[in-house]
Each structure stands twice: as C-alpha cells, then as structure tokens.
Amino acid sequence: MRYVWGTGTHVGRVRDGNEDSLFPTDSGASDGPAVLMVADGMGGAVAGEVASRLAVEAASEAAPDDDVSPEDRVTSANRAVIDATTEDPSLAGMGTTMTLVLLNPDGVADFAHVGDSRAYLLRDDELDLITTDHTLVNELIELGRITPEEAEHHPHRHLITRVLGLGPVGVDTFSITLTDGDRLLLCSDGLNTMVSDVTIKNLLAAGEGVEPTAWALIEQANTAGGIDNTTVVVIDVTS
C-alpha cells in the first residue's frame, strides 16, 4: 500500500498556548510501515503541552519497522509522562490523550487509543468513527442513561475517564484492513467539538489533497469558534 499524509495543528481563537502534539509534524508519504499519532494534553499552565510532547516523543522513539506494537508505544508514552511528574512535582496532574496508528505495507492499520482524540475512516463516501471516546458522557450513552443529543449539552461532557500520565491505563487496540481509496483522519477533540461529523465528512470527501484538507478542517473549527487547539492528520491510502 501507499500512504500519503498531511498534518496540521493550530492554537485556535481562544487559548494562549497549544497543548496538542502530533507525529510526524510534516506531511509525507510511505509504503509502510509508518507510525502517526495525535495527542491532546491537559493539566494547566504548560503542563498539558509538556504531557503531550513527552508522550509523542516516547511513542515515536522506536522506528516504524522496529518490532514495537502500537499498544507498547502508548504504554511507553504513559510511562514517560508519569516519570516526568515524579521528577517534577510541579507537573502533578498533567495528562494526555493519544490516538496512534501503525500503517503496515500489507494495508493493515493497527490502532492504539486512549482518551477522546479520535480516528475516522472515510470509505465509499461513508464516514465511520472507529475509536471510542473515553468520556463520562459516552459511557452514559452506552448505558442508555442519556441520548447523543443530550450529551452535546451535558455539564460534564468534557470529563475524560481514561488518560495517559495518571497511572496504569487500559489501551484500546484494534486493526482494520484498508483498501484503495480509503481516507483516515486522526484528530484532537478541538475539531469534533466544533465541527459536526457531517461537515467533517463533506470536507474529507471534497476531493482536495491531504494537506489542503487538513487545513480546511482546522479553518472550519476556527470559524466555528476555535475554543480549543485543533490538530489533524489526514491519510490517503492507495494500492
């Protein structure tokens, strides 16, 4: 398989700093293996920025063709954030999400995911959310306590139930087989909290290249208010 990706990150229109991190930071292409990820830090002051940066550095330290699974990469990221907090108590409480994909030469994409950053798959003009948000409102939806519409206005809609850096954490892992013409999106929640899935789908399906599409998504989030940092990775798959 051939993978071509475009990346982008923006502070938004409200925040003073960018607590998101991504890898790689530049657009590129590969026949695989390739490792790509987004991370959204939290913790106040500069701690969120530190958490996401350390996590991405740790998760990307091993080369893509090393025998390191996506789950092990995320586990290493978790350990790096915890270790930094131990060494510097002023960083206590910092954490980060992470959504990571390993793209293999045979077209299999292996994912590892913690938090409420997301991965989407656009295939045959249908957009599917392929990760699960580790949030309180999502758990309430799955339990049938609230509807997705009620979740949009829930007072605790931003409460994350799983995050790197606060202790042992469960990592969601899964694999999908990609086909020619697929388009993947990794994003921090600064995108999907400001932009509906319908609009995300329309922008992904508009026929633009990966880098223009990445920045079109970011621009849409900022136009809608840009209340958070927005980070995206758009990946095209060809045989």
# chains A, B, ... in the order shown; residues from 1 in each chain; ligands from 1

call {"tool": "select_by_dssp", "arguments": {"residues": "range 6-129 of chain A", "states": "strand (DSSP E or B)", "output": "JSON, numbers by chain"}}
result
{"A": [6, 7, 8, 9, 10, 20, 21, 22, 23, 28, 29, 30, 34, 35, 36, 37, 38, 39, 40, 41, 42, 95, 96, 98, 99, 100, 101, 102, 103, 108, 109, 110, 111, 112, 113, 114, 118, 119, 120, 121, 122, 123, 126, 127, 128, 129]}

call {"tool": "residues_around", "arguments": {"residues": "Leu91 in chain A", "least_positions_apart": "6", "cutoff": "10 Å", "atoms": "only C-alpha atoms", "output": "list in words"}}
result
Gly43, Gly44, Ala45, Val46, Ala47, Gly48, Val50, Ala51, Val81, Ile82, Ala84 and Thr85 of chain A

call {"tool": "closest_residue", "arguments": {"among": "A:Arg162, A:Arg2, A:Arg53, A:Arg79", "to": "Pro24 in chain A", "atoms": "only C-alpha atoms"}}
result
A:Arg53

call {"tool": "atom_distance", "arguments": {"atom1": "CA of Val35 in chain A", "atom2": "CA of Ala59 in chain A"}}
result
9.1 Å

call {"tool": "closest_residue", "arguments": {"among": "A:Leu191, A:Asp128, A:Glu61, A:Leu204", "to": "Asn222 in chain A", "atoms": "only C-alpha atoms"}}
result
A:Leu191

call {"tool": "residues_around", "arguments": {"residues": "range 94-107 of chain A", "least_positions_apart": "6", "cutoff": "7 Å", "atoms": "only C-alpha atoms", "output": "compact mmCIF listing (two decimals) with N, CA and C atoms, in the first residue's frame"}}
result
# COMPACT_ATOMS: atom_id res chain seq x y z
N MET A 1 0.83 -1.20 0.00
CA MET A 1 0.00 0.00 0.00
C MET A 1 0.87 1.25 0.00
N ASP A 31 5.42 3.69 1.92
CA ASP A 31 4.80 2.42 1.58
C ASP A 31 4.57 1.57 2.82
N GLY A 32 4.92 2.11 3.99
CA GLY A 32 4.77 1.40 5.25
C GLY A 32 6.01 0.59 5.56
N PRO A 33 6.26 0.34 6.83
CA PRO A 33 5.43 0.78 7.96
C PRO A 33 5.62 2.26 8.25
N ALA A 34 4.58 2.87 8.80
CA ALA A 34 4.62 4.26 9.22
C ALA A 34 3.80 4.41 10.48
N VAL A 35 4.28 5.23 11.40
CA VAL A 35 3.58 5.49 12.66
C VAL A 35 3.15 6.95 12.68
N LEU A 36 1.86 7.19 12.95
CA LEU A 36 1.32 8.54 13.03
C LEU A 36 0.43 8.62 14.26
N MET A 37 0.37 9.84 14.86
CA MET A 37 -0.41 9.96 16.09
C MET A 37 -0.77 11.41 16.38
N VAL A 38 -1.79 11.58 17.21
CA VAL A 38 -2.13 12.88 17.79
C VAL A 38 -2.28 12.68 19.29
N ALA A 39 -1.98 13.76 20.04
CA ALA A 39 -2.11 13.74 21.50
C ALA A 39 -2.59 15.10 21.95
N ASP A 40 -3.49 15.11 22.92
CA ASP A 40 -4.10 16.34 23.42
C ASP A 40 -3.83 16.41 24.92
N GLY A 41 -2.94 17.31 25.32
CA GLY A 41 -2.53 17.40 26.71
C GLY A 41 -3.47 18.21 27.57
N MET A 42 -3.36 18.00 28.87
CA MET A 42 -4.19 18.72 29.84
C MET A 42 -3.39 18.84 31.13
N GLY A 43 -3.75 19.80 31.94
CA GLY A 43 -3.07 19.93 33.22
C GLY A 43 -2.80 21.35 33.64
N ALA A 47 1.74 22.45 31.59
CA ALA A 47 1.80 21.01 31.86
C ALA A 47 1.17 20.19 30.74
N GLY A 48 0.07 20.66 30.19
CA GLY A 48 -0.57 19.93 29.10
C GLY A 48 0.32 19.82 27.89
N ALA A 51 3.00 17.26 28.69
CA ALA A 51 2.50 15.89 28.69
C ALA A 51 2.36 15.35 27.27
N SER A 52 1.73 16.11 26.38
CA SER A 52 1.53 15.62 25.02
C SER A 52 2.86 15.48 24.29
N PRO A 70 1.72 -0.95 18.59
CA PRO A 70 1.08 0.31 18.96
C PRO A 70 0.74 0.39 20.45
N HIS A 113 -5.32 3.49 21.35
CA HIS A 113 -6.11 4.70 21.63
C HIS A 113 -6.44 4.82 23.10
N VAL A 114 -6.23 6.04 23.64
CA VAL A 114 -6.64 6.37 25.00
C VAL A 114 -7.15 7.81 24.99
N GLY A 115 -8.34 8.03 25.55
CA GLY A 115 -8.85 9.39 25.69
C GLY A 115 -9.93 9.73 24.69
N ASP A 116 -10.05 11.02 24.38
CA ASP A 116 -11.14 11.46 23.50
C ASP A 116 -10.65 12.11 22.21
N SER A 117 -9.36 11.96 21.87
CA SER A 117 -8.98 12.21 20.49
C SER A 117 -9.60 11.09 19.66
N ARG A 118 -9.64 11.26 18.33
CA ARG A 118 -10.42 10.34 17.52
C ARG A 118 -9.69 9.87 16.27
N VAL A 163 -6.89 8.50 30.59
CA VAL A 163 -5.89 9.44 30.12
C VAL A 163 -4.51 8.92 30.46
N LEU A 164 -3.52 9.26 29.67
CA LEU A 164 -2.14 8.89 29.96
C LEU A 164 -1.55 9.82 31.00
N GLY A 165 -0.73 9.26 31.89
CA GLY A 165 0.03 10.08 32.82
C GLY A 165 -0.43 10.05 34.26
N LEU A 166 -1.56 9.41 34.53
CA LEU A 166 -2.09 9.42 35.89
C LEU A 166 -2.01 8.06 36.57
N THR A 177 -8.37 -3.53 7.91
CA THR A 177 -7.71 -3.71 6.63
C THR A 177 -8.15 -2.59 5.70
N LEU A 178 -7.21 -1.79 5.26
CA LEU A 178 -7.51 -0.65 4.41
C LEU A 178 -7.58 -1.08 2.95
N THR A 179 -8.32 -0.32 2.16
CA THR A 179 -8.45 -0.59 0.75
C THR A 179 -8.15 0.67 -0.05

call {"tool": "atom_distance", "arguments": {"atom1": "CA of Met194 in chain A", "atom2": "CA of Pro148 in chain A"}}
result
15.5 Å

call {"tool": "closest_atom_pairs", "arguments": {"of": "range 100-130 of chain A", "to": "range 199-203 of chain A", "cutoff": "9 Å", "atoms": "only C-alpha atoms", "output": "CSV"}}
result
residue,atom,partner,partner_atom,distance
A:Leu122,CA,A:Lys201,CA,7.3
A:Asp125,CA,A:Lys201,CA,7.9
A:Glu126,CA,A:Lys201,CA,7.7
A:Leu127,CA,A:Lys201,CA,5.9

call {"tool": "atom_distance", "arguments": {"atom1": "CA of Gln220 in chain A", "atom2": "CA of Ala29 in chain A"}}
result
25.1 Å

call {"tool": "residues_around", "arguments": {"residues": "Ser76 in chain A", "least_positions_apart": "4", "cutoff": "7 Å", "atoms": "only C-alpha atoms", "output": "PyMOL selection string"}}
result
chain A and resi 58-59+72+80
